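Novice: For reference, this is run_13.tsv, and it has TSV, C-alpha atoms.
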chain	number	residue	atom	x	y	z
A	231	MET	CA	0.00	0.00	0.00
A	232	VAL	CA	1.12	3.53	-0.74
A	233	SER	CA	0.09	6.24	1.65
A	234	SER	CA	-2.39	8.81	0.43
A	235	THR	CA	0.15	11.60	0.75
A	236	ALA	CA	2.53	9.97	-1.72
A	237	VAL	CA	-0.19	9.82	-4.34
A	238	GLY	CA	-1.12	13.41	-3.65
A	239	PHE	CA	-4.07	14.91	-5.47
A	240	LEU	CA	-5.34	11.56	-6.63
A	241	ALA	CA	-5.97	10.81	-2.96
A	242	SER	CA	-6.04	7.07	-3.43
A	243	ASP	CA	-4.20	4.08	-2.15
A	244	PHE	CA	-2.69	1.67	-4.57
A	245	PRO	CA	-4.89	-1.31	-5.06
A	246	PRO	CA	-7.92	0.67	-6.23
A	247	ASP	CA	-11.26	-0.66	-5.06
A	248	VAL	CA	-14.93	-0.02	-5.62
A	249	GLY	CA	-14.69	2.97	-3.29
A	250	GLU	CA	-13.08	4.88	-6.18
A	251	PHE	CA	-16.46	4.96	-7.86
A	252	PHE	CA	-18.09	6.82	-4.97
A	253	THR	CA	-16.62	10.24	-5.43
A	254	PRO	CA	-16.88	12.75	-2.60
A	255	ALA	CA	-19.92	15.00	-2.52
A	256	LEU	CA	-19.45	18.40	-4.07
A	257	PHE	CA	-22.50	20.22	-2.79
A	258	GLY	CA	-25.61	19.91	-0.67
A	259	ALA	CA	-26.32	19.00	2.92
A	260	ASP	CA	-26.77	15.32	2.15
A	261	GLY	CA	-24.20	15.42	-0.63
A	262	TRP	CA	-26.64	14.97	-3.48
A	263	LEU	CA	-24.39	16.72	-6.00
A	264	THR	CA	-21.45	14.52	-6.96
A	265	LYS	CA	-19.05	14.42	-9.87
A	266	PHE	CA	-21.46	12.00	-11.54
A	267	THR	CA	-24.46	14.34	-11.31
A	268	LEU	CA	-22.41	17.31	-12.38
A	269	PHE	CA	-20.93	15.76	-15.49
A	270	LEU	CA	-24.19	14.12	-16.42
A	271	TRP	CA	-25.76	17.58	-16.44
A	272	ILE	CA	-22.86	19.11	-18.34
A	273	GLY	CA	-22.98	16.30	-20.89
A	274	THR	CA	-26.72	16.65	-21.39
A	275	ALA	CA	-26.42	20.42	-21.65
A	276	LEU	CA	-23.62	20.08	-24.20
A	277	ILE	CA	-25.75	17.82	-26.40
A	278	ILE	CA	-28.78	20.11	-26.22
A	279	VAL	CA	-26.77	23.25	-26.89
A	280	PHE	CA	-24.78	21.62	-29.69
A	281	PHE	CA	-27.84	20.43	-31.58
A	282	LEU	CA	-29.71	23.71	-31.02
A	283	VAL	CA	-26.78	25.74	-32.30
A	284	ALA	CA	-26.10	23.39	-35.19
A	285	TYR	CA	-29.70	23.53	-36.42
A	286	ARG	CA	-30.39	27.15	-35.52
A	287	SER	CA	-30.24	28.33	-39.11
A	288	PRO	CA	-29.82	25.27	-41.30
A	289	LYS	CA	-28.24	25.97	-44.66
A	290	LEU	CA	-28.13	23.99	-47.86
A	291	VAL	CA	-24.36	24.12	-47.69
A	292	PRO	CA	-23.92	23.19	-44.04
A	293	SER	CA	-21.59	24.88	-41.64
A	294	LYS	CA	-19.13	22.72	-39.78
A	295	SER	CA	-21.30	22.21	-36.69
A	296	GLN	CA	-24.37	21.59	-38.83
A	297	TRP	CA	-22.39	19.03	-40.80
A	298	MET	CA	-21.37	17.26	-37.57
A	299	ALA	CA	-24.92	17.20	-36.23
A	300	GLU	CA	-26.20	15.91	-39.56
A	301	SER	CA	-23.54	13.23	-39.58
A	302	VAL	CA	-24.65	11.98	-36.17
A	303	TYR	CA	-28.29	11.91	-37.19
A	304	GLY	CA	-27.46	10.53	-40.63
A	305	PHE	CA	-25.41	7.79	-39.03
A	306	ALA	CA	-28.28	6.85	-36.71
A	307	ARG	CA	-30.72	6.85	-39.62
A	308	ASP	CA	-28.73	5.43	-42.53
A	309	GLY	CA	-26.20	3.43	-40.54
A	310	ILE	CA	-28.45	1.85	-37.92
A	311	ALA	CA	-32.21	2.47	-38.28
A	312	THR	CA	-32.79	1.80	-41.98
A	313	PRO	CA	-30.47	-1.19	-42.44
A	314	MET	CA	-31.74	-2.93	-39.31
A	315	ILE	CA	-35.45	-2.10	-39.20
A	316	GLY	CA	-36.12	-1.16	-42.80
A	317	HIS	CA	-38.29	1.68	-44.03
A	318	ASP	CA	-40.20	1.92	-40.72
A	319	GLY	CA	-36.91	2.49	-38.97
A	320	VAL	CA	-36.73	6.16	-39.96
A	321	LYS	CA	-39.17	7.14	-37.23
A	322	PHE	CA	-36.88	5.63	-34.60
A	323	ALA	CA	-33.82	7.46	-35.92
A	324	PRO	CA	-34.27	10.49	-33.60
A	325	TYR	CA	-34.31	8.19	-30.58
A	326	PHE	CA	-31.24	6.32	-31.83
A	327	ALA	CA	-29.39	9.57	-32.50
A	328	THR	CA	-30.25	10.86	-29.02
A	329	LEU	CA	-29.32	7.59	-27.36
A	330	PHE	CA	-26.07	7.37	-29.30
A	331	SER	CA	-24.95	10.91	-28.54
A	332	PHE	CA	-25.97	10.64	-24.89
A	333	ILE	CA	-24.12	7.38	-24.30
A	334	LEU	CA	-21.13	8.52	-26.33
A	335	LEU	CA	-20.78	11.78	-24.45
A	336	THR	CA	-21.38	10.37	-20.97
A	337	ASN	CA	-18.92	7.58	-21.78
A	338	LEU	CA	-16.43	10.09	-23.08
A	339	TRP	CA	-16.07	11.62	-19.61
A	340	ALA	CA	-14.11	8.47	-18.77
A	341	ILE	CA	-11.09	9.71	-20.74
A	342	ILE	CA	-11.46	13.50	-20.58
A	343	PRO	CA	-8.49	14.62	-18.45
A	344	LEU	CA	-9.34	15.64	-14.87
A	345	VAL	CA	-12.87	14.19	-15.15
A	346	GLN	CA	-11.89	10.65	-16.02
A	347	ILE	CA	-14.93	8.90	-14.74
A	348	SER	CA	-18.07	8.11	-16.67
A	349	PRO	CA	-21.55	8.33	-15.15
A	350	ASN	CA	-22.19	5.02	-16.90
A	351	SER	CA	-19.78	3.30	-14.54
A	352	HIS	CA	-22.60	3.47	-11.98
A	353	ILE	CA	-25.12	0.84	-12.98
A	354	ALA	CA	-28.13	3.09	-12.34
A	355	PHE	CA	-27.54	5.08	-15.54
A	356	PRO	CA	-27.26	2.10	-17.93
A	357	VAL	CA	-30.25	0.48	-16.20
A	358	ILE	CA	-32.47	3.47	-16.91
A	359	LEU	CA	-31.27	3.63	-20.52
A	360	ALA	CA	-31.90	-0.10	-20.94
A	361	LEU	CA	-35.37	0.20	-19.38
A	362	ILE	CA	-36.29	2.97	-21.83
A	363	SER	CA	-35.22	0.76	-24.74
A	364	TYR	CA	-36.96	-2.24	-23.16
A	365	PHE	CA	-40.31	-0.49	-22.81
A	366	LEU	CA	-39.88	1.03	-26.26
A	367	PHE	CA	-39.54	-2.29	-28.03
A	368	ILE	CA	-42.37	-3.85	-26.03
A	369	VAL	CA	-44.73	-0.93	-26.63
A	370	VAL	CA	-43.82	-0.80	-30.32
A	371	GLY	CA	-44.50	-4.52	-30.68
A	372	VAL	CA	-47.79	-4.42	-28.75
A	373	ARG	CA	-49.02	-1.42	-30.72
A	374	LYS	CA	-48.19	-3.05	-34.03
A	375	HIS	CA	-49.57	-6.54	-33.36
A	376	GLY	CA	-51.85	-6.28	-30.34
A	377	PHE	CA	-50.87	-7.83	-27.03
A	378	PHE	CA	-51.53	-11.53	-27.67
A	379	LYS	CA	-50.07	-11.66	-31.16
A	380	TRP	CA	-47.01	-9.77	-29.91
A	381	LEU	CA	-46.65	-12.23	-27.06
A	382	LYS	CA	-46.94	-15.11	-29.50
A	383	ILE	CA	-44.30	-13.66	-31.81
A	384	THR	CA	-41.97	-12.89	-28.93
A	385	VAL	CA	-42.32	-16.01	-26.86
A	386	VAL	CA	-43.48	-18.84	-29.12
A	387	PRO	CA	-40.78	-20.04	-31.54
A	388	SER	CA	-41.66	-22.04	-34.63
A	389	ALA	CA	-41.37	-25.61	-33.41
A	390	PRO	CA	-43.50	-28.76	-33.28
A	391	TRP	CA	-46.18	-28.56	-30.56
A	392	TYR	CA	-44.60	-31.23	-28.35
A	393	ILE	CA	-41.40	-29.20	-28.01
A	394	LEU	CA	-43.16	-25.92	-27.27
A	395	PRO	CA	-43.62	-26.47	-23.50
A	396	LEU	CA	-39.88	-27.01	-23.27
A	397	VAL	CA	-38.78	-24.00	-25.30
A	398	ILE	CA	-41.39	-21.35	-24.46
A	399	PRO	CA	-39.98	-20.69	-20.96
A	400	ILE	CA	-36.49	-20.44	-22.44
A	401	GLU	CA	-37.62	-18.05	-25.16
A	402	PHE	CA	-39.49	-15.98	-22.56
A	403	PHE	CA	-36.43	-15.84	-20.33
A	404	SER	CA	-34.15	-14.99	-23.22
A	405	SER	CA	-36.23	-12.25	-24.81
A	406	LEU	CA	-38.03	-10.60	-21.93
A	407	ILE	CA	-35.78	-11.05	-18.91
A	408	VAL	CA	-32.20	-11.34	-20.14
A	409	ARG	CA	-32.32	-8.54	-22.73
A	410	PRO	CA	-32.57	-5.50	-20.45
A	411	ILE	CA	-30.05	-7.07	-18.08
A	412	THR	CA	-27.39	-7.72	-20.72
A	413	LEU	CA	-28.05	-4.35	-22.32
A	414	SER	CA	-27.36	-2.47	-19.10
A	415	VAL	CA	-24.68	-4.73	-17.65
A	416	ARG	CA	-22.64	-4.66	-20.87
A	417	LEU	CA	-22.41	-0.87	-20.86
A	418	PHE	CA	-21.89	-0.64	-17.11
A	419	ALA	CA	-19.23	-3.35	-16.97
A	420	ASN	CA	-17.25	-1.89	-19.87
A	421	MET	CA	-17.15	1.54	-18.30
A	422	PHE	CA	-16.46	0.18	-14.83
A	423	ALA	CA	-13.65	-2.07	-16.02
A	424	GLY	CA	-12.18	0.66	-18.22
A	425	HIS	CA	-11.98	3.05	-15.28
A	426	MET	CA	-10.53	0.34	-13.07
A	427	ILE	CA	-7.79	-0.51	-15.59
A	428	LEU	CA	-6.78	3.13	-15.97
A	429	LEU	CA	-6.69	3.45	-12.18
A	430	VAL	CA	-4.56	0.34	-11.79
A	431	PHE	CA	-1.95	1.56	-14.25
A	432	THR	CA	-1.94	5.19	-13.08
A	433	LEU	CA	-1.89	4.48	-9.34
A	434	GLY	CA	0.40	1.50	-9.94
A	435	GLY	CA	2.79	3.93	-11.63
A	436	PHE	CA	2.82	6.07	-8.49
A	437	ALA	CA	3.29	3.02	-6.31
A	438	LEU	CA	6.21	1.76	-8.38
A	439	PHE	CA	7.75	5.20	-8.77
A	440	GLY	CA	7.52	5.80	-5.07
A	441	ALA	CA	8.99	2.42	-4.21
A	442	GLN	CA	12.18	2.26	-2.18
A	443	THR	CA	14.00	0.16	-4.78
A	444	PHE	CA	15.57	2.36	-7.42
A	445	LEU	CA	15.15	-0.25	-10.14
A	446	LEU	CA	11.36	-0.08	-9.91
A	447	LYS	CA	11.16	3.59	-10.89
A	448	PRO	CA	11.48	2.99	-14.67
A	449	VAL	CA	8.73	0.40	-14.38
A	450	GLY	CA	6.55	3.09	-12.84
A	451	ILE	CA	7.12	5.25	-15.90
A	452	LEU	CA	6.32	2.28	-18.12
A	453	SER	CA	3.10	1.90	-16.17
A	454	TRP	CA	2.12	5.51	-16.95
A	455	VAL	CA	2.92	4.98	-20.63
A	456	MET	CA	0.62	1.98	-20.50
A	457	ALA	CA	-2.06	4.12	-18.85
A	458	ILE	CA	-1.88	6.55	-21.78
A	459	ALA	CA	-2.00	3.73	-24.33
A	460	LEU	CA	-4.98	2.19	-22.56
A	461	THR	CA	-6.72	5.54	-22.60
A	462	PHE	CA	-6.71	5.30	-26.40
A	463	LEU	CA	-8.03	1.75	-26.19
A	464	GLU	CA	-10.72	3.09	-23.87
A	465	ALA	CA	-11.66	5.64	-26.53
A	466	LEU	CA	-12.38	2.74	-28.86
A	467	VAL	CA	-14.43	0.94	-26.21
A	468	ILE	CA	-16.43	4.11	-25.55
A	469	LEU	CA	-17.38	4.49	-29.20
A	470	LEU	CA	-18.07	0.80	-29.62
A	471	GLN	CA	-20.29	0.50	-26.55
A	472	ALA	CA	-22.39	3.49	-27.57
A	473	TYR	CA	-22.77	1.90	-31.00
A	474	VAL	CA	-23.54	-1.59	-29.70
A	475	PHE	CA	-26.18	-0.29	-27.28
A	476	VAL	CA	-28.01	1.49	-30.10
A	477	VAL	CA	-27.63	-1.40	-32.55
A	478	LEU	CA	-29.03	-3.89	-30.05
A	479	THR	CA	-31.96	-1.58	-29.30
A	480	ALA	CA	-32.58	-1.38	-33.05
A	481	SER	CA	-32.34	-5.14	-33.34
A	482	TYR	CA	-34.88	-5.67	-30.54
A	483	ILE	CA	-37.26	-3.17	-32.13
A	484	SER	CA	-36.90	-4.86	-35.50
A	485	GLY	CA	-37.64	-8.20	-33.81
A	486	ALA	CA	-40.78	-6.74	-32.22
A	487	LEU	CA	-41.94	-5.36	-35.56
A	488	ALA	CA	-41.19	-8.52	-37.56
A	489	GLU	CA	-44.15	-10.58	-38.71
A	490	GLU	CA	-42.98	-14.02	-37.66
A	491	HIS	CA	-39.56	-15.46	-37.05
B	109	MET	CA	-31.16	19.38	-43.72
B	110	ALA	CA	-30.39	15.86	-42.79
B	111	GLY	CA	-32.27	14.54	-45.79
B	112	ASP	CA	-29.55	15.88	-48.06
B	113	ILE	CA	-26.92	13.48	-46.83
B	114	PRO	CA	-25.95	11.08	-49.63
B	115	PRO	CA	-26.60	7.43	-48.89
B	116	GLN	CA	-23.67	5.95	-47.08
B	117	ARG	CA	-21.80	2.82	-47.95
B	118	PRO	CA	-22.59	-0.15	-45.73
B	119	ARG	CA	-20.20	0.00	-42.83
B	120	LYS	CA	-17.81	-2.65	-41.77
B	121	GLY	CA	-19.10	-2.27	-38.23
B	122	ASP	CA	-22.53	-3.59	-39.13
B	123	ASP	CA	-21.23	-7.14	-39.48
B	124	MET	CA	-19.53	-6.80	-36.15
B	125	ALA	CA	-22.68	-5.55	-34.44
B	126	GLY	CA	-24.70	-8.35	-36.05
B	127	GLY	CA	-22.11	-10.79	-34.76
B	128	THR	CA	-22.33	-9.31	-31.28
B	129	ASN	CA	-26.08	-9.65	-31.41
B	130	LYS	CA	-25.95	-13.28	-32.50
B	131	GLY	CA	-23.33	-14.06	-29.91
B	132	TYR	CA	-25.42	-12.69	-27.08
B	133	LEU	CA	-28.51	-14.42	-28.42
B	134	ALA	CA	-26.67	-17.76	-28.48
B	135	LEU	CA	-25.37	-17.17	-24.99
B	136	SER	CA	-28.78	-16.24	-23.64
B	137	TYR	CA	-30.37	-19.36	-25.16
B	138	LEU	CA	-27.74	-21.72	-23.77
B	139	ILE	CA	-27.59	-20.16	-20.32
B	140	GLY	CA	-31.31	-19.39	-20.32
B	141	GLY	CA	-32.23	-23.01	-21.00
B	142	ILE	CA	-30.07	-24.29	-18.18
B	143	VAL	CA	-31.17	-21.59	-15.74
B	144	VAL	CA	-34.91	-21.81	-16.41
B	145	TRP	CA	-35.30	-25.59	-16.35
B	146	GLY	CA	-32.60	-25.98	-13.72
B	147	PHE	CA	-34.63	-23.63	-11.54
B	148	VAL	CA	-37.80	-25.63	-12.17
B	149	GLY	CA	-35.91	-28.78	-11.22
B	150	TRP	CA	-34.56	-27.09	-8.12
B	151	LEU	CA	-38.08	-26.10	-7.09
B	152	ILE	CA	-39.21	-29.71	-7.51
B	153	ASP	CA	-36.23	-30.87	-5.46
B	154	HIS	CA	-37.02	-28.34	-2.81
B	155	TYR	CA	-40.64	-29.37	-2.36
B	156	VAL	CA	-40.44	-33.10	-3.09
B	157	HIS	CA	-37.10	-33.55	-1.27
B	158	THR	CA	-35.41	-35.43	-4.10
B	159	LYS	CA	-31.90	-34.17	-3.31
B	160	GLY	CA	-30.74	-32.79	-6.63
B	161	ILE	CA	-31.99	-35.39	-9.08
B	162	ALA	CA	-34.71	-33.15	-10.46
B	163	THR	CA	-32.24	-30.24	-10.73
B	164	ALA	CA	-29.85	-32.44	-12.72
B	165	ILE	CA	-32.62	-33.58	-15.06
B	166	GLY	CA	-33.85	-30.00	-15.41
B	167	VAL	CA	-30.39	-28.70	-16.29
B	168	VAL	CA	-29.91	-31.38	-18.96
B	169	ILE	CA	-33.37	-30.84	-20.46
B	170	GLY	CA	-32.89	-27.07	-20.37
B	171	ALA	CA	-29.52	-27.34	-22.11
B	172	ALA	CA	-31.14	-29.52	-24.77
B	173	GLY	CA	-33.94	-26.98	-25.23
B	174	GLY	CA	-31.43	-24.14	-25.49
B	175	VAL	CA	-29.41	-25.98	-28.12
B	176	TYR	CA	-32.63	-26.80	-30.00
B	177	LEU	CA	-33.65	-23.12	-30.08
B	178	LEU	CA	-30.18	-22.10	-31.12
B	179	ILE	CA	-30.11	-24.50	-34.05
B	180	ARG	CA	-33.65	-23.54	-35.00
B	181	ARG	CA	-32.79	-19.85	-35.03
B	182	MET	CA	-29.32	-19.91	-36.56
B	183	GLY	CA	-28.87	-23.26	-38.18
B	184	SER	CA	-30.22	-22.58	-41.64
Rewrite the coordinates I just gave you, this time as structure tokens.
Specialist:
Amino acid sequence: MVSSTAVGFLASDFPPDVGEFFTPALFGADGWLTKFTLFLWIGTALIIVFFLVAYRSPKLVPSKSQWMAESVYGFARDGIATPMIGHDGVKFAPYFATLFSFILLTNLWAIIPLVQISPNSHIAFPVILALISYFLFIVVGVRKHGFFKWLKITVVPSAPWYILPLVIPIEFFSSLIVRPITLSVRLFANMFAGHMILLVFTLGGFALFGAQTFLLKPVGILSWVMAIALTFLEALVILLQAYVFVVLTASYISGALAEEH
Amino acid sequence: MAGDIPPQRPRKGDDMAGGTNKGYLALSYLIGGIVVWGFVGWLIDHYVHTKGIATAIGVVIGAAGGVYLLIRRMGS
């Protein structure tokens, strides 16, 4: 263990633990305002302001910010919604674009210097996002087919009648119980693990650099180099997880809209 | 406006996302089968006091059901 004073402003001991994810309160009598709340707000505000500014006076030849906003929406529409759901997918494109930019930006806090923690590394945020997608694909399916037909499409696979009692509970479990769980846990676990890895290499660098043995100091520097390299890897994970979350939502919606499978 | 964006080439990432989707579906069928019927077997064990036999049968049947669904969905 390294004492807190050696690590200085990071104020952490070397083997990082789950406590790292409970940042000290910034404001309020009961500490309701934390780093998580703050950067969630800032992220949301940034998205709203960006899209408002970008579309304030849309031009035929777009300005740079308008081009960026259109790329995000165009990606959600032509890259995800239309290929996965088909023509009906266009009406879900605004939701996908919102979901994608929200997850991307809140994830991005994980590698922005001095913030370096993502709200999505607390499971509550991914759970709410997954529940929104979960209710969306259920409601969409029920509205399209009616409750019983939707239930039949979702839960009853095409199989001979004597196998149905065996497979219906499995299909039910797989499509209505596991989906929201995997959707949220995947995002949460990636952000949690990413933060943990960066902590291990950064704090490990301090621990090695501060070690009594002189020979360990270069290893400490190597550890920091690794932390920087892993930050770039984390950038990839951030983008990928935002994309995967939206693509899976799209895939569930397309499954709910499909006639039969 | 956004409608002016030219159609984009299919992205390489789409295959990857489709693969991710299939992978998780396969996983949820295999684990789901074992968990659901294993749980039913466990309940039977618990109330009939059969000491694990029903759980074992449930797990095997559930695994079979999961594999069946998997083949049905992805085999062709």
Novice: Which chain A residues are at most 6 Å from chain B (counting all atoms listed in the file), as a list in words?
Specialist: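 Selected residues: Glu300, Val397, Ile400 and Ser404 of chain A.
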Novice: Tell me which protein, DNA and RNA residues are within 9 Å of Gly424 (chain A), counting only C-alpha atoms, leaving out same-chain ones fewer than 3 positions away, and put them as a CSV table (one decimal) with C-alpha atoms, in the coordinates of the input.
Specialist:
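What follows is the written file out-v7.csv:
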chain,number,residue,atom,x,y,z
A,340,ALA,CA,-14.1,8.5,-18.8
A,351,SER,CA,-19.8,3.3,-14.5
A,419,ALA,CA,-19.2,-3.4,-17.0
A,420,ASN,CA,-17.2,-1.9,-19.9
A,421,MET,CA,-17.2,1.5,-18.3
A,427,ILE,CA,-7.8,-0.5,-15.6
A,428,LEU,CA,-6.8,3.1,-16.0
A,429,LEU,CA,-6.7,3.4,-12.2
A,460,LEU,CA,-5.0,2.2,-22.6
A,461,THR,CA,-6.7,5.5,-22.6
A,464,GLU,CA,-10.7,3.1,-23.9
A,467,VAL,CA,-14.4,0.9,-26.2
Novice: One number please: CA of Ala389 (chain A) to CA of Glu489 (chain A), in Å, one decimal.
Specialist: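 These atoms are spaced 16.2 Å apart.
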Novice: Go ahead and compute the interatomic distance for CA of Pro390 (chain A) and CA of Leu406 (chain A), in Å to one decimal.
Specialist: 22.1 Å
Novice: Padding 6 Å on every side, please: axis-aligned box over the listed atoms of region 135-153 of chain B, centre and edge lengths to one decimal in Å, as AutoDock Vina command-line options.
Specialist:
--center_x -32.3 --center_y -23.6 --center_z -15.3 --size_x 25.8 --size_y 26.6 --size_z 31.7
Novice: Would you mind completing region 125-144 of chain B so that it carries N, CA and C atoms, and writing it out as a CSV table (one decimal), keeping the file's coordinate frame?
Specialist:
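In the end it all went to part_39.csv:
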chain,number,residue,atom,x,y,z
B,125,ALA,N,-21.6,-5.7,-35.4
B,125,ALA,CA,-22.7,-5.6,-34.4
B,125,ALA,C,-23.6,-6.7,-34.6
B,126,GLY,N,-23.9,-7.2,-35.8
B,126,GLY,CA,-24.7,-8.4,-36.0
B,126,GLY,C,-24.1,-9.6,-35.4
B,127,GLY,N,-22.8,-9.7,-35.4
B,127,GLY,CA,-22.1,-10.8,-34.8
B,127,GLY,C,-22.3,-10.7,-33.3
B,128,THR,N,-22.1,-9.5,-32.7
B,128,THR,CA,-22.3,-9.3,-31.3
B,128,THR,C,-23.7,-9.7,-30.9
B,129,ASN,N,-24.7,-9.3,-31.7
B,129,ASN,CA,-26.1,-9.6,-31.4
B,129,ASN,C,-26.3,-11.2,-31.4
B,130,LYS,N,-25.8,-11.8,-32.4
B,130,LYS,CA,-26.0,-13.3,-32.5
B,130,LYS,C,-25.3,-14.0,-31.3
B,131,GLY,N,-24.1,-13.5,-31.0
B,131,GLY,CA,-23.3,-14.1,-29.9
B,131,GLY,C,-24.1,-14.0,-28.6
B,132,TYR,N,-24.7,-12.8,-28.3
B,132,TYR,CA,-25.4,-12.7,-27.1
B,132,TYR,C,-26.7,-13.5,-27.1
B,133,LEU,N,-27.3,-13.6,-28.3
B,133,LEU,CA,-28.5,-14.4,-28.4
B,133,LEU,C,-28.2,-15.9,-28.1
B,134,ALA,N,-27.1,-16.4,-28.7
B,134,ALA,CA,-26.7,-17.8,-28.5
B,134,ALA,C,-26.4,-18.0,-27.0
B,135,LEU,N,-25.7,-17.0,-26.4
B,135,LEU,CA,-25.4,-17.2,-25.0
B,135,LEU,C,-26.6,-17.2,-24.1
B,136,SER,N,-27.6,-16.3,-24.5
B,136,SER,CA,-28.8,-16.2,-23.6
B,136,SER,C,-29.6,-17.5,-23.8
B,137,TYR,N,-29.6,-18.1,-25.0
B,137,TYR,CA,-30.4,-19.4,-25.2
B,137,TYR,C,-29.7,-20.5,-24.3
B,138,LEU,N,-28.4,-20.6,-24.5
B,138,LEU,CA,-27.7,-21.7,-23.8
B,138,LEU,C,-27.9,-21.6,-22.3
B,139,ILE,N,-27.5,-20.4,-21.8
B,139,ILE,CA,-27.6,-20.2,-20.3
B,139,ILE,C,-29.0,-20.2,-19.9
B,140,GLY,N,-29.9,-19.5,-20.7
B,140,GLY,CA,-31.3,-19.4,-20.3
B,140,GLY,C,-32.0,-20.8,-20.2
B,141,GLY,N,-31.7,-21.7,-21.1
B,141,GLY,CA,-32.2,-23.0,-21.0
B,141,GLY,C,-31.8,-23.7,-19.7
B,142,ILE,N,-30.6,-23.6,-19.4
B,142,ILE,CA,-30.1,-24.3,-18.2
B,142,ILE,C,-30.7,-23.6,-16.9
B,143,VAL,N,-30.7,-22.3,-16.9
B,143,VAL,CA,-31.2,-21.6,-15.7
B,143,VAL,C,-32.7,-21.8,-15.5
B,144,VAL,N,-33.5,-21.7,-16.6
B,144,VAL,CA,-34.9,-21.8,-16.4
B,144,VAL,C,-35.3,-23.2,-16.0
